[in-house]
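Chemist: File start02.cif follows (mmCIF, C-alpha atoms):
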```cif
data_entry
#
loop_
_atom_site.label_atom_id
_atom_site.label_comp_id
_atom_site.auth_asym_id
_atom_site.auth_seq_id
_atom_site.Cartn_x
_atom_site.Cartn_y
_atom_site.Cartn_z
CA MET A 238 0.00 0.00 0.00
CA ILE A 239 2.76 2.41 1.06
CA VAL A 240 4.84 1.38 -1.94
CA THR A 241 1.93 2.07 -4.29
CA ALA A 242 1.35 5.51 -2.72
CA LEU A 243 5.06 6.35 -3.03
CA LEU A 244 5.09 5.24 -6.68
CA ALA A 245 2.00 7.32 -7.41
CA ALA A 246 3.52 10.37 -5.72
CA SER A 247 6.75 9.85 -7.62
CA LEU A 248 4.89 9.60 -10.93
CA LEU A 249 2.90 12.73 -10.14
CA SER A 250 6.00 14.72 -9.30
CA GLU A 251 7.72 13.38 -12.42
CA GLY A 252 4.72 14.42 -14.48
CA CYS A 253 4.99 17.96 -13.21
CA ALA A 254 8.72 18.14 -13.80
CA THR A 255 8.81 16.72 -17.31
CA LYS A 256 6.54 19.08 -19.22
CA SER A 257 8.38 19.85 -22.41
CA MET A 258 7.83 22.51 -25.02
CA ASN A 259 6.35 22.22 -28.51
CA THR A 260 7.53 24.76 -31.08
CA VAL A 261 6.43 26.05 -34.48
CA GLN A 262 8.23 28.50 -36.76
CA ASN A 263 8.26 29.52 -40.42
CA ALA A 264 9.80 26.74 -42.50
CA GLN A 265 11.63 29.07 -44.91
CA THR A 266 13.51 31.38 -42.58
CA GLU A 267 14.45 34.69 -44.19
CA GLY A 268 17.22 35.68 -41.82
CA ILE A 269 20.55 34.06 -42.59
CA PRO A 270 22.60 33.77 -39.42
CA GLN A 271 26.33 34.21 -39.80
CA MET A 272 27.65 31.28 -37.80
CA VAL A 273 30.88 31.47 -35.85
CA MET A 274 33.38 28.62 -35.66
CA ASP A 275 33.41 27.86 -31.97
CA GLN A 276 35.57 25.96 -29.54
CA ARG A 277 33.90 24.18 -26.62
CA ILE A 278 35.20 22.97 -23.29
CA LEU A 279 32.64 20.73 -21.60
CA THR A 280 33.22 19.73 -17.98
CA ASP A 281 29.61 19.06 -16.97
CA PRO A 282 28.07 16.42 -19.28
CA SER A 283 24.73 16.60 -17.47
CA LEU A 284 24.48 20.34 -18.15
CA SER A 285 25.54 19.97 -21.77
CA ARG A 286 22.61 17.61 -22.37
CA SER A 287 20.09 20.11 -21.00
CA VAL A 288 21.88 23.22 -22.23
CA TYR A 289 23.15 21.90 -25.56
CA ILE A 290 24.94 24.57 -27.60
CA VAL A 291 23.54 24.40 -31.13
CA GLY A 292 25.75 27.18 -32.42
CA VAL A 293 26.87 30.76 -32.17
CA ASN A 294 26.10 33.44 -34.72
CA GLU A 295 27.30 37.00 -34.91
CA ALA A 296 26.51 40.42 -36.31
CA TYR A 297 28.04 43.89 -36.10
CA THR A 298 26.28 47.21 -35.52
CA ASP A 299 26.97 50.21 -37.77
CA GLU A 300 29.45 51.58 -35.23
CA GLY A 301 31.30 48.26 -35.07
CA TYR A 302 29.95 46.83 -31.84
CA ARG A 303 30.03 43.04 -31.93
CA LYS A 304 26.83 41.15 -31.21
CA VAL A 305 26.84 37.41 -30.63
CA GLN A 306 23.97 35.04 -30.11
CA VAL A 307 24.26 31.61 -28.55
CA GLN A 308 21.58 29.18 -29.62
CA LEU A 309 20.71 26.56 -27.02
CA TYR A 310 18.52 23.48 -27.06
CA ASN A 311 17.31 21.44 -24.13
CA ARG A 312 17.51 17.84 -25.37
CA THR A 313 15.79 16.51 -22.24
CA ARG A 314 12.18 16.75 -21.10
CA ARG A 315 13.09 18.54 -17.88
CA MET A 316 13.38 22.24 -17.16
CA LYS A 317 16.96 23.25 -16.36
CA ALA A 318 17.96 26.33 -14.40
CA PHE A 319 21.42 27.64 -15.18
CA THR A 320 23.49 30.78 -15.16
CA TYR A 321 25.61 32.23 -17.94
CA ARG A 322 28.16 34.94 -18.30
CA VAL A 323 29.98 36.44 -21.25
CA GLU A 324 33.51 37.79 -21.11
CA TRP A 325 34.79 40.10 -23.82
CA TYR A 326 38.42 40.37 -24.92
CA ASP A 327 40.20 43.05 -26.91
CA LYS A 328 42.52 42.61 -29.92
CA ASP A 329 45.44 41.87 -27.59
CA GLY A 330 43.53 39.11 -25.84
CA MET A 331 43.04 41.18 -22.70
CA MET A 332 39.73 40.81 -20.90
CA ILE A 333 37.60 43.95 -20.90
CA GLY A 334 36.31 44.41 -17.37
CA SER A 335 33.18 46.38 -16.66
CA PRO A 336 31.03 47.43 -13.68
CA LEU A 337 28.25 45.61 -15.51
CA ASP A 338 29.88 42.17 -15.07
CA HIS A 339 27.46 39.64 -13.66
CA ARG A 340 26.14 36.11 -14.11
CA THR A 341 22.61 35.92 -15.47
CA PRO A 342 20.30 33.29 -14.02
CA THR A 343 17.87 31.78 -16.52
CA GLN A 344 15.95 28.60 -17.31
CA ILE A 345 15.35 26.45 -20.34
CA GLU A 346 12.27 24.24 -20.53
CA GLY A 347 12.41 20.66 -21.78
CA GLY A 348 12.55 20.62 -25.59
CA GLN A 349 12.93 24.40 -25.77
CA ARG A 350 15.23 26.22 -28.18
CA LYS A 351 16.54 29.41 -26.65
CA SER A 352 18.68 32.19 -28.04
CA ILE A 353 20.80 34.43 -25.87
CA PRO A 354 21.85 37.58 -27.75
CA ILE A 355 24.57 39.72 -26.19
CA LEU A 356 25.95 43.02 -27.47
CA ALA A 357 29.45 44.02 -26.50
CA THR A 358 29.33 47.29 -24.58
CA SER A 359 32.80 48.22 -25.85
CA PRO A 360 33.83 48.72 -29.48
CA LYS A 361 37.21 47.23 -28.50
CA ALA A 362 35.63 43.80 -27.94
CA VAL A 363 36.71 41.35 -30.64
CA ASP A 364 36.59 37.97 -28.90
CA PHE A 365 34.11 36.48 -26.49
CA ARG A 366 33.78 33.57 -24.08
CA PHE A 367 30.48 32.28 -22.75
CA THR A 368 30.40 30.21 -19.59
CA PHE A 369 27.41 28.17 -18.49
CA MET A 370 26.88 26.72 -15.05
CA GLU A 371 24.08 24.72 -13.52
CA SER A 372 22.09 26.75 -11.01
CA LEU A 373 23.35 26.31 -7.45
CA LYS A 374 19.82 26.68 -6.12
CA LYS A 375 17.92 23.41 -6.49
CA MET B 274 37.92 7.24 29.77
CA ASN B 275 36.31 6.46 26.44
CA TYR B 276 33.30 8.57 27.39
CA LYS B 277 35.53 11.58 28.18
CA LEU B 278 37.46 11.17 24.95
CA CYS B 279 34.23 11.06 22.96
CA LEU B 280 32.98 14.19 24.74
CA VAL B 281 36.22 16.08 23.99
CA LEU B 282 36.12 15.00 20.33
CA ALA B 283 32.47 15.99 20.02
CA LEU B 284 33.16 19.41 21.54
CA ALA B 285 36.18 19.94 19.29
CA GLY B 286 34.08 18.94 16.28
CA ALA B 287 31.33 21.37 17.30
CA PHE B 288 33.87 24.21 17.66
CA LEU B 289 35.37 23.43 14.28
CA ALA B 290 31.96 23.30 12.66
CA THR B 291 30.98 26.62 14.23
CA GLY B 292 34.28 28.09 13.09
CA CYS B 293 33.59 27.07 9.51
CA ALA B 294 30.02 28.33 9.56
CA THR B 295 30.91 31.84 10.70
CA LYS B 296 33.91 32.29 8.43
CA THR B 297 33.63 35.30 6.15
CA THR B 298 34.68 34.72 2.57
CA TYR B 299 35.11 37.06 -0.38
CA VAL B 300 32.95 36.34 -3.41
CA ASP B 301 33.49 37.63 -6.94
CA ASN B 302 30.88 40.16 -8.06
CA ASP B 303 30.14 38.02 -11.10
CA SER B 304 29.86 34.81 -9.09
CA SER B 305 26.67 32.77 -8.84
CA ARG B 306 27.47 32.20 -5.15
CA LEU B 307 26.17 35.62 -4.06
CA ILE B 308 23.21 35.88 -1.69
CA ALA B 309 19.85 36.15 -3.45
CA ASN B 310 16.72 37.44 -1.69
CA VAL B 311 13.18 37.26 -2.97
CA ASP B 312 12.09 40.55 -1.44
CA GLU B 313 15.17 42.64 -2.24
CA ILE B 314 17.00 43.88 -5.28
CA ASN B 315 20.44 42.35 -4.85
CA ILE B 316 23.66 43.80 -6.21
CA GLN B 317 23.70 41.27 -9.08
CA ASP B 318 20.20 42.42 -10.09
CA PHE B 319 21.35 46.02 -10.42
CA ALA B 320 24.34 44.90 -12.53
CA ARG B 321 22.10 42.77 -14.76
CA ALA B 322 19.49 45.50 -15.25
CA ALA B 323 22.21 48.09 -15.97
CA ASP B 324 23.96 45.76 -18.43
CA GLU B 325 20.75 45.05 -20.36
CA MET B 326 19.87 48.76 -20.43
CA VAL B 327 23.33 49.74 -21.69
CA GLN B 328 23.15 47.09 -24.45
CA SER B 329 19.78 48.51 -25.46
CA ILE B 330 21.03 52.12 -25.48
CA ILE B 331 24.09 51.17 -27.56
CA GLU B 332 22.05 49.13 -30.03
CA ASP B 333 19.18 51.61 -30.46
CA CYS B 334 20.88 55.00 -30.06
CA ILE B 335 24.67 54.96 -30.02
CA SER B 336 25.39 52.52 -32.83
CA THR B 337 22.77 54.18 -35.02
CA GLY B 338 24.24 57.65 -34.42
CA ASP B 339 20.86 58.92 -33.19
CA LEU B 340 22.34 60.84 -30.25
CA GLU B 341 23.64 64.15 -31.60
CA GLY B 342 25.45 66.89 -29.77
CA VAL B 343 25.45 70.64 -30.46
CA ASP B 344 27.85 71.91 -33.19
CA GLY B 345 29.26 68.48 -33.87
CA LYS B 346 30.28 68.00 -30.24
CA LYS B 347 29.53 64.87 -28.29
CA PRO B 348 26.00 64.76 -26.89
CA ILE B 349 25.78 65.55 -23.17
CA LEU B 350 23.58 63.20 -21.18
CA ALA B 351 22.27 64.55 -17.87
CA ILE B 352 20.63 62.45 -15.18
CA SER B 353 17.10 63.49 -14.34
CA ARG B 354 14.74 61.99 -11.78
CA ILE B 355 14.98 58.27 -11.04
CA VAL B 356 12.02 57.26 -8.90
CA ASN B 357 12.25 54.33 -6.50
CA ASN B 358 8.70 53.00 -6.25
CA THR B 359 9.63 49.85 -4.37
CA SER B 360 9.22 49.01 -0.70
CA MET B 361 13.00 49.16 -0.23
CA GLN B 362 15.32 52.04 0.37
CA PHE B 363 18.37 52.02 -1.85
CA ASP B 364 20.58 54.45 -3.67
CA THR B 365 19.49 54.62 -7.31
CA ASP B 366 23.15 55.19 -8.21
CA LEU B 367 23.52 51.41 -7.86
CA LEU B 368 21.81 51.33 -11.25
CA ILE B 369 22.49 54.74 -12.74
CA LYS B 370 26.20 54.99 -11.99
CA ARG B 371 26.79 51.64 -13.71
CA ILE B 372 24.91 52.85 -16.77
CA ARG B 373 26.71 56.20 -16.77
CA THR B 374 30.13 54.57 -16.42
CA ALA B 375 29.48 52.16 -19.29
CA LEU B 376 28.10 54.89 -21.55
CA LEU B 377 31.07 57.15 -20.87
CA LYS B 378 33.39 54.27 -21.81
CA THR B 379 31.79 54.11 -25.26
CA ARG B 380 33.30 57.60 -25.87
CA LYS B 381 30.19 58.49 -27.85
CA VAL B 382 28.39 60.28 -25.02
CA GLN B 383 29.52 62.88 -22.51
CA THR B 384 28.09 62.67 -19.01
CA THR B 385 28.15 65.40 -16.38
CA THR B 386 28.50 65.77 -12.63
CA THR B 387 27.07 69.27 -12.47
CA LEU B 388 23.89 69.12 -14.56
CA ASN B 389 21.74 67.16 -12.17
CA LEU B 390 18.18 67.54 -10.99
CA ALA B 391 19.24 67.24 -7.37
CA LYS B 392 22.34 68.89 -5.92
CA SER B 393 25.55 68.77 -7.90
CA GLU B 394 27.62 65.63 -7.57
CA ASP B 395 30.82 67.65 -7.68
CA PRO B 396 30.44 71.12 -6.01
CA LEU B 397 33.94 72.19 -7.05
CA ALA B 398 33.24 71.44 -10.71
CA GLU B 399 29.95 73.32 -10.37
CA MET B 400 31.78 76.40 -9.05
CA ALA B 401 34.30 76.25 -11.87
CA ASP B 402 31.48 75.84 -14.38
CA ALA B 403 29.75 78.92 -12.94
CA GLU B 404 33.00 80.91 -13.35
CA GLU B 405 33.36 79.67 -16.91
CA GLU B 406 29.78 80.70 -17.61
CA ILE B 407 30.50 84.29 -16.46
CA ILE B 408 33.68 84.49 -18.57
CA THR B 409 32.33 82.96 -21.76
CA GLU B 410 28.71 84.03 -21.27
CA GLU B 411 27.80 80.60 -22.43
CA ARG B 412 25.96 78.08 -20.32
CA MET B 413 26.62 74.36 -20.65
CA LYS B 414 23.47 72.70 -21.92
CA HIS B 415 22.66 69.04 -21.88
CA SER B 416 21.42 67.46 -25.10
CA TYR B 417 19.56 64.58 -23.50
CA SER B 418 18.35 63.55 -20.07
CA LEU B 419 17.88 60.12 -18.53
CA SER B 420 14.88 59.54 -16.31
CA GLY B 421 13.28 56.42 -14.93
CA LYS B 422 11.39 54.48 -12.39
CA ILE B 423 11.87 51.21 -10.51
CA ILE B 424 8.62 49.45 -9.65
CA GLU B 425 8.01 46.40 -7.49
CA VAL B 426 5.17 43.89 -7.94
CA THR B 427 4.85 41.13 -5.36
CA THR B 428 2.56 38.17 -5.14
CA ARG B 429 2.47 34.98 -3.11
CA THR B 430 0.93 31.56 -2.81
CA LYS B 431 0.64 29.65 0.45
CA ASN B 432 4.34 28.90 0.72
CA LEU B 433 6.03 30.74 -2.15
CA ARG B 434 6.74 34.42 -2.71
CA GLN B 435 7.37 36.14 -6.02
CA SER B 436 8.78 39.61 -6.53
CA SER B 437 9.14 41.37 -9.85
CA TYR B 438 11.27 44.46 -10.18
CA GLU B 439 10.63 46.51 -13.27
CA PHE B 440 13.30 48.95 -14.39
CA GLN B 441 11.89 51.60 -16.72
CA LEU B 442 14.30 54.08 -18.28
CA THR B 443 13.81 56.85 -20.82
CA ILE B 444 16.15 59.20 -22.68
CA SER B 445 14.46 62.42 -23.77
CA ASN B 446 15.78 65.31 -25.83
CA ARG B 447 15.53 68.95 -24.70
CA ARG B 448 11.98 69.23 -26.05
CA GLY B 449 10.84 66.19 -24.06
CA LEU B 450 10.66 63.93 -27.10
CA VAL B 451 11.58 60.39 -26.21
CA VAL B 452 14.56 59.14 -28.21
CA TRP B 453 14.99 55.85 -26.38
CA GLU B 454 12.98 53.89 -23.86
CA ASP B 455 13.17 50.39 -22.48
CA ILE B 456 11.85 48.15 -19.73
CA LYS B 457 13.69 45.29 -18.04
CA THR B 458 12.03 43.06 -15.51
CA ILE B 459 13.71 40.77 -13.01
CA THR B 460 11.46 38.23 -11.31
CA LYS B 461 12.46 36.14 -8.33
CA GLN B 462 10.63 33.32 -6.55
CA GLY B 463 11.41 31.65 -3.26
CA LYS B 464 10.76 31.35 0.42
CA LYS B 465 13.83 32.89 1.99
CA ALA B 466 17.28 34.23 1.20
CA SER B 467 19.77 31.74 -0.21
CA VAL B 468 23.43 31.64 -1.04
CA GLY B 469 23.76 30.98 -4.76
CA PHE B 470 21.34 31.30 -7.63
#
```
Let's see the structure in the file written out as structure tokens.
Modeler:
Amino acid sequence: MIVTALLAASLLSEGCATKSMNTVQNAQTEGIPQMVMDQRILTDPSLSRSVYIVGVNEAYTDEGYRKVQVQLYNRTRRMKAFTYRVEWYDKDGMMIGSPLDHRTPTQIEGGQRKSIPILATSPKAVDFRFTFMESLKK
Amino acid sequence: MNYKLCLVLALAGAFLATGCATKTTYVDNDSSRLIANVDEINIQDFARAADEMVQSIIEDCISTGDLEGVDGKKPILAISRIVNNTSMQFDTDLLIKRIRTALLKTRKVQTTTTLNLAKSEDPLAEMADAEEEIITEERMKHSYSLSGKIIEVTTRTKNLRQSSYEFQLTISNRRGLVVWEDIKTITKQGKKASVGF
């Protein structure tokens, strides 16, 4: 009896946690993203399943500010909370520090595709590095 | 004998544990190990709101060349009223100073410490500016002003609280026409403060 109740409770909680997202978009997309060759260092395989990096595309503003967009896809059916941060580097490879530096907490639902666009706040920024980390708060 | 030894070990363990728990550590400002409260705007929230606002200003105004100064000079951006409509007391410079610093670093906008709605940020510069005004008979005029409001919306269920903080900022020209405006909202849910987010 107790086992049955526990199983039922477990299934109910699982049901709540595994709601995934359905998506629709125009089949012939008009925008042509300019993809960036990227280099990845993965140390958390669990996170890279939920926050799978599909690709990175870029654009420049008229004044030469670099804009990059990371496209993510949650390959699981579970919502994942994570934080991300972008670091910008100048032409000499030096990191450009700013009083605006912070990690952004966000979530991605199961099956969701998510884009994170970031504009460099300095025209000196030529290179970027995104870091992703699973949320510390469970 | 064994009982005493156990007691001593237990006490030593308790002291050590207490020592660890009360230890103060430094945390990076961009760390995800900062304290997060549901019913407060934390330092990381100000940085995030300021960052998103600066990106929006650069994308919509600065990189399009929409902000124009007088006689080909750099546009001067003055800070107008920033209203705190939340239940907390905080210095709005936690948001505005970050935005001002980042905008100044773009070298496309000039900011000022003397043209403020409230008292001057730099009284010495204000005195010098007044002297300059008498000599040149020309008063420094701002081209644009930044105003805004921070609003809080809270709601709760039986055991969960949610707070949304909406940052609304506007840049107007001298005629009051809005040249840029944006809204950023940060929503937090939880029961109590936690280390890490």
Chemist: Once the PyMOL selection byres ((chain B and resi 304) around 9) has been evaluated on this model, what residues remain selected, and can you format them as a ChimeraX atom specification?
Modeler: /A:339-340 /B:300-303,305-307,317,469
Chemist: Got time to write the residues from that selection, C-alpha atoms, as an mmCIF file, in the frame of the given file?
Modeler:
```cif
data_model
loop_
_atom_site.group_PDB
_atom_site.id
_atom_site.type_symbol
_atom_site.label_atom_id
_atom_site.label_comp_id
_atom_site.auth_asym_id
_atom_site.auth_seq_id
_atom_site.Cartn_x
_atom_site.Cartn_y
_atom_site.Cartn_z
ATOM 1 C CA HIS A 339 27.460 39.640 -13.660
ATOM 2 C CA ARG A 340 26.140 36.110 -14.110
ATOM 3 C CA VAL B 300 32.950 36.340 -3.410
ATOM 4 C CA ASP B 301 33.490 37.630 -6.940
ATOM 5 C CA ASN B 302 30.880 40.160 -8.060
ATOM 6 C CA ASP B 303 30.140 38.020 -11.100
ATOM 7 C CA SER B 305 26.670 32.770 -8.840
ATOM 8 C CA ARG B 306 27.470 32.200 -5.150
ATOM 9 C CA LEU B 307 26.170 35.620 -4.060
ATOM 10 C CA GLN B 317 23.700 41.270 -9.080
ATOM 11 C CA GLY B 469 23.760 30.980 -4.760
#
```
Chemist: Calculate how many Å separate CA of Lys431 in chain B from CA of Gly347 in chain A, rounding to one decimal.
Modeler: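 Computing the Euclidean distance for CA of Lys431 in chain B and CA of Gly347 in chain A yields 26.7 Å.
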Chemist: Near Lys346 in chain B, within 12 Å and counting all atoms listed in the file, which residues show up once chain neighbours fewer than 4 positions away are dropped, as an NGL selection string?
Modeler: :B and (340-342 or 380-383 or 414-416)
Chemist: Mind pulling up the distance from CA of Leu376 in chain B to CA of Arg366 in chain A?
Modeler: 22.2 Å
Chemist: Compute the set of chain A residues within 9 Å of chain B, using all atoms listed in the file, and express it as a CSV table (one decimal) with C-alpha atoms, keeping the file's coordinate frame.
Modeler:
```csv
chain,number,residue,atom,x,y,z
A,298,THR,CA,26.3,47.2,-35.5
A,299,ASP,CA,27.0,50.2,-37.8
A,300,GLU,CA,29.4,51.6,-35.2
A,301,GLY,CA,31.3,48.3,-35.1
A,302,TYR,CA,30.0,46.8,-31.8
A,319,PHE,CA,21.4,27.6,-15.2
A,320,THR,CA,23.5,30.8,-15.2
A,322,ARG,CA,28.2,34.9,-18.3
A,335,SER,CA,33.2,46.4,-16.7
A,336,PRO,CA,31.0,47.4,-13.7
A,337,LEU,CA,28.2,45.6,-15.5
A,338,ASP,CA,29.9,42.2,-15.1
A,339,HIS,CA,27.5,39.6,-13.7
A,340,ARG,CA,26.1,36.1,-14.1
A,341,THR,CA,22.6,35.9,-15.5
A,342,PRO,CA,20.3,33.3,-14.0
A,355,ILE,CA,24.6,39.7,-26.2
A,356,LEU,CA,26.0,43.0,-27.5
A,357,ALA,CA,29.4,44.0,-26.5
A,358,THR,CA,29.3,47.3,-24.6
A,359,SER,CA,32.8,48.2,-25.8
A,360,PRO,CA,33.8,48.7,-29.5
A,370,MET,CA,26.9,26.7,-15.0
A,372,SER,CA,22.1,26.8,-11.0
A,373,LEU,CA,23.4,26.3,-7.4
A,374,LYS,CA,19.8,26.7,-6.1
A,375,LYS,CA,17.9,23.4,-6.5
```
Chemist: Counting only C-alpha atoms, write as JSON, numbers by chain all protein and nucleic acid residues lying at most 12 Å from (23.4, 25.7, -23.2) in the file's frame.
Modeler: {"A": [277, 279, 281, 282, 283, 284, 285, 286, 287, 288, 289, 290, 291, 292, 293, 306, 307, 308, 309, 310, 311, 312, 313, 317, 318, 319, 320, 321, 322, 343, 344, 345, 346, 349, 350, 351, 352, 353, 367, 368, 369, 370, 371]}
Chemist: What does the distance from CA of Glu324 in chain A to CA of Phe365 in chain A come to in Å, to one decimal?
Modeler: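 So the two atoms, CA of Glu324 in chain A and CA of Phe365 in chain A, lie 5.6 Å apart.
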Chemist: Identify, on the basis of all atoms listed in the file, every residue whose closest approach to Thr460 in chain B does not exceed 10 Å; exclude the query and any residue fewer than 5 positions from it along the same chain; express the result as a PDB file with C-alpha atoms, in the coordinates of the input.
Modeler:
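The new file selection-v1.pdb reads:
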```pdb
ATOM      1  CA  VAL B 311      13.180  37.260  -2.970  1.00  0.00           C
ATOM      2  CA  ILE B 314      17.000  43.880  -5.280  1.00  0.00           C
ATOM      3  CA  ASP B 318      20.200  42.420 -10.090  1.00  0.00           C
ATOM      4  CA  GLU B 425       8.010  46.400  -7.490  1.00  0.00           C
ATOM      5  CA  VAL B 426       5.170  43.890  -7.940  1.00  0.00           C
ATOM      6  CA  THR B 427       4.850  41.130  -5.360  1.00  0.00           C
ATOM      7  CA  GLN B 435       7.370  36.140  -6.020  1.00  0.00           C
ATOM      8  CA  SER B 436       8.780  39.610  -6.530  1.00  0.00           C
ATOM      9  CA  SER B 437       9.140  41.370  -9.850  1.00  0.00           C
ATOM     10  CA  TYR B 438      11.270  44.460 -10.180  1.00  0.00           C
ATOM     11  CA  GLU B 439      10.630  46.510 -13.270  1.00  0.00           C
TER      12      GLU B 439
END
```
Chemist: Please write as a ChimeraX atom specification the full residue list that the PyMOL selection byres ((chain B and resi 419) around 8) yields on this file.
Modeler: /B:350-354,417-418,420-421,442-445
Chemist: Atoms to include: C-alpha atoms. Write the selected residues as a JSON list (two decimals), in the coordinates of the input.
Modeler:
```json
[["chain", "number", "residue", "atom", "x", "y", "z"],
["B", 350, "LEU", "CA", 23.58, 63.20, -21.18],
["B", 351, "ALA", "CA", 22.27, 64.55, -17.87],
["B", 352, "ILE", "CA", 20.63, 62.45, -15.18],
["B", 353, "SER", "CA", 17.10, 63.49, -14.34],
["B", 354, "ARG", "CA", 14.74, 61.99, -11.78],
["B", 417, "TYR", "CA", 19.56, 64.58, -23.50],
["B", 418, "SER", "CA", 18.35, 63.55, -20.07],
["B", 420, "SER", "CA", 14.88, 59.54, -16.31],
["B", 421, "GLY", "CA", 13.28, 56.42, -14.93],
["B", 442, "LEU", "CA", 14.30, 54.08, -18.28],
["B", 443, "THR", "CA", 13.81, 56.85, -20.82],
["B", 444, "ILE", "CA", 16.15, 59.20, -22.68],
["B", 445, "SER", "CA", 14.46, 62.42, -23.77]]
```
Chemist: Name the residues that the PyMOL selection byres ((chain B and resi 360) around 10) picks from the file above, as a VMD selection string, using the file's chain letters and numbers.
Modeler: chain B and resid 312 to 313 357 to 359 361 to 363 424 to 426
Chemist: The residues within 12 Å of (24.9, 68.8, -10.0), using only C-alpha atoms and the coordinates of the file, should be reported as an mmCIF file with C-alpha atoms, keeping the file's coordinate frame; which are they?
Modeler:
```cif
data_model
loop_
_atom_site.group_PDB
_atom_site.id
_atom_site.type_symbol
_atom_site.label_atom_id
_atom_site.label_comp_id
_atom_site.auth_asym_id
_atom_site.auth_seq_id
_atom_site.Cartn_x
_atom_site.Cartn_y
_atom_site.Cartn_z
ATOM 1 C CA ALA B 351 22.270 64.550 -17.870
ATOM 2 C CA ILE B 352 20.630 62.450 -15.180
ATOM 3 C CA SER B 353 17.100 63.490 -14.340
ATOM 4 C CA THR B 384 28.090 62.670 -19.010
ATOM 5 C CA THR B 385 28.150 65.400 -16.380
ATOM 6 C CA THR B 386 28.500 65.770 -12.630
ATOM 7 C CA THR B 387 27.070 69.270 -12.470
ATOM 8 C CA LEU B 388 23.890 69.120 -14.560
ATOM 9 C CA ASN B 389 21.740 67.160 -12.170
ATOM 10 C CA LEU B 390 18.180 67.540 -10.990
ATOM 11 C CA ALA B 391 19.240 67.240 -7.370
ATOM 12 C CA LYS B 392 22.340 68.890 -5.920
ATOM 13 C CA SER B 393 25.550 68.770 -7.900
ATOM 14 C CA GLU B 394 27.620 65.630 -7.570
ATOM 15 C CA ASP B 395 30.820 67.650 -7.680
ATOM 16 C CA PRO B 396 30.440 71.120 -6.010
ATOM 17 C CA LEU B 397 33.940 72.190 -7.050
ATOM 18 C CA ALA B 398 33.240 71.440 -10.710
ATOM 19 C CA GLU B 399 29.950 73.320 -10.370
ATOM 20 C CA MET B 400 31.780 76.400 -9.050
ATOM 21 C CA ASP B 402 31.480 75.840 -14.380
ATOM 22 C CA ALA B 403 29.750 78.920 -12.940
#
```
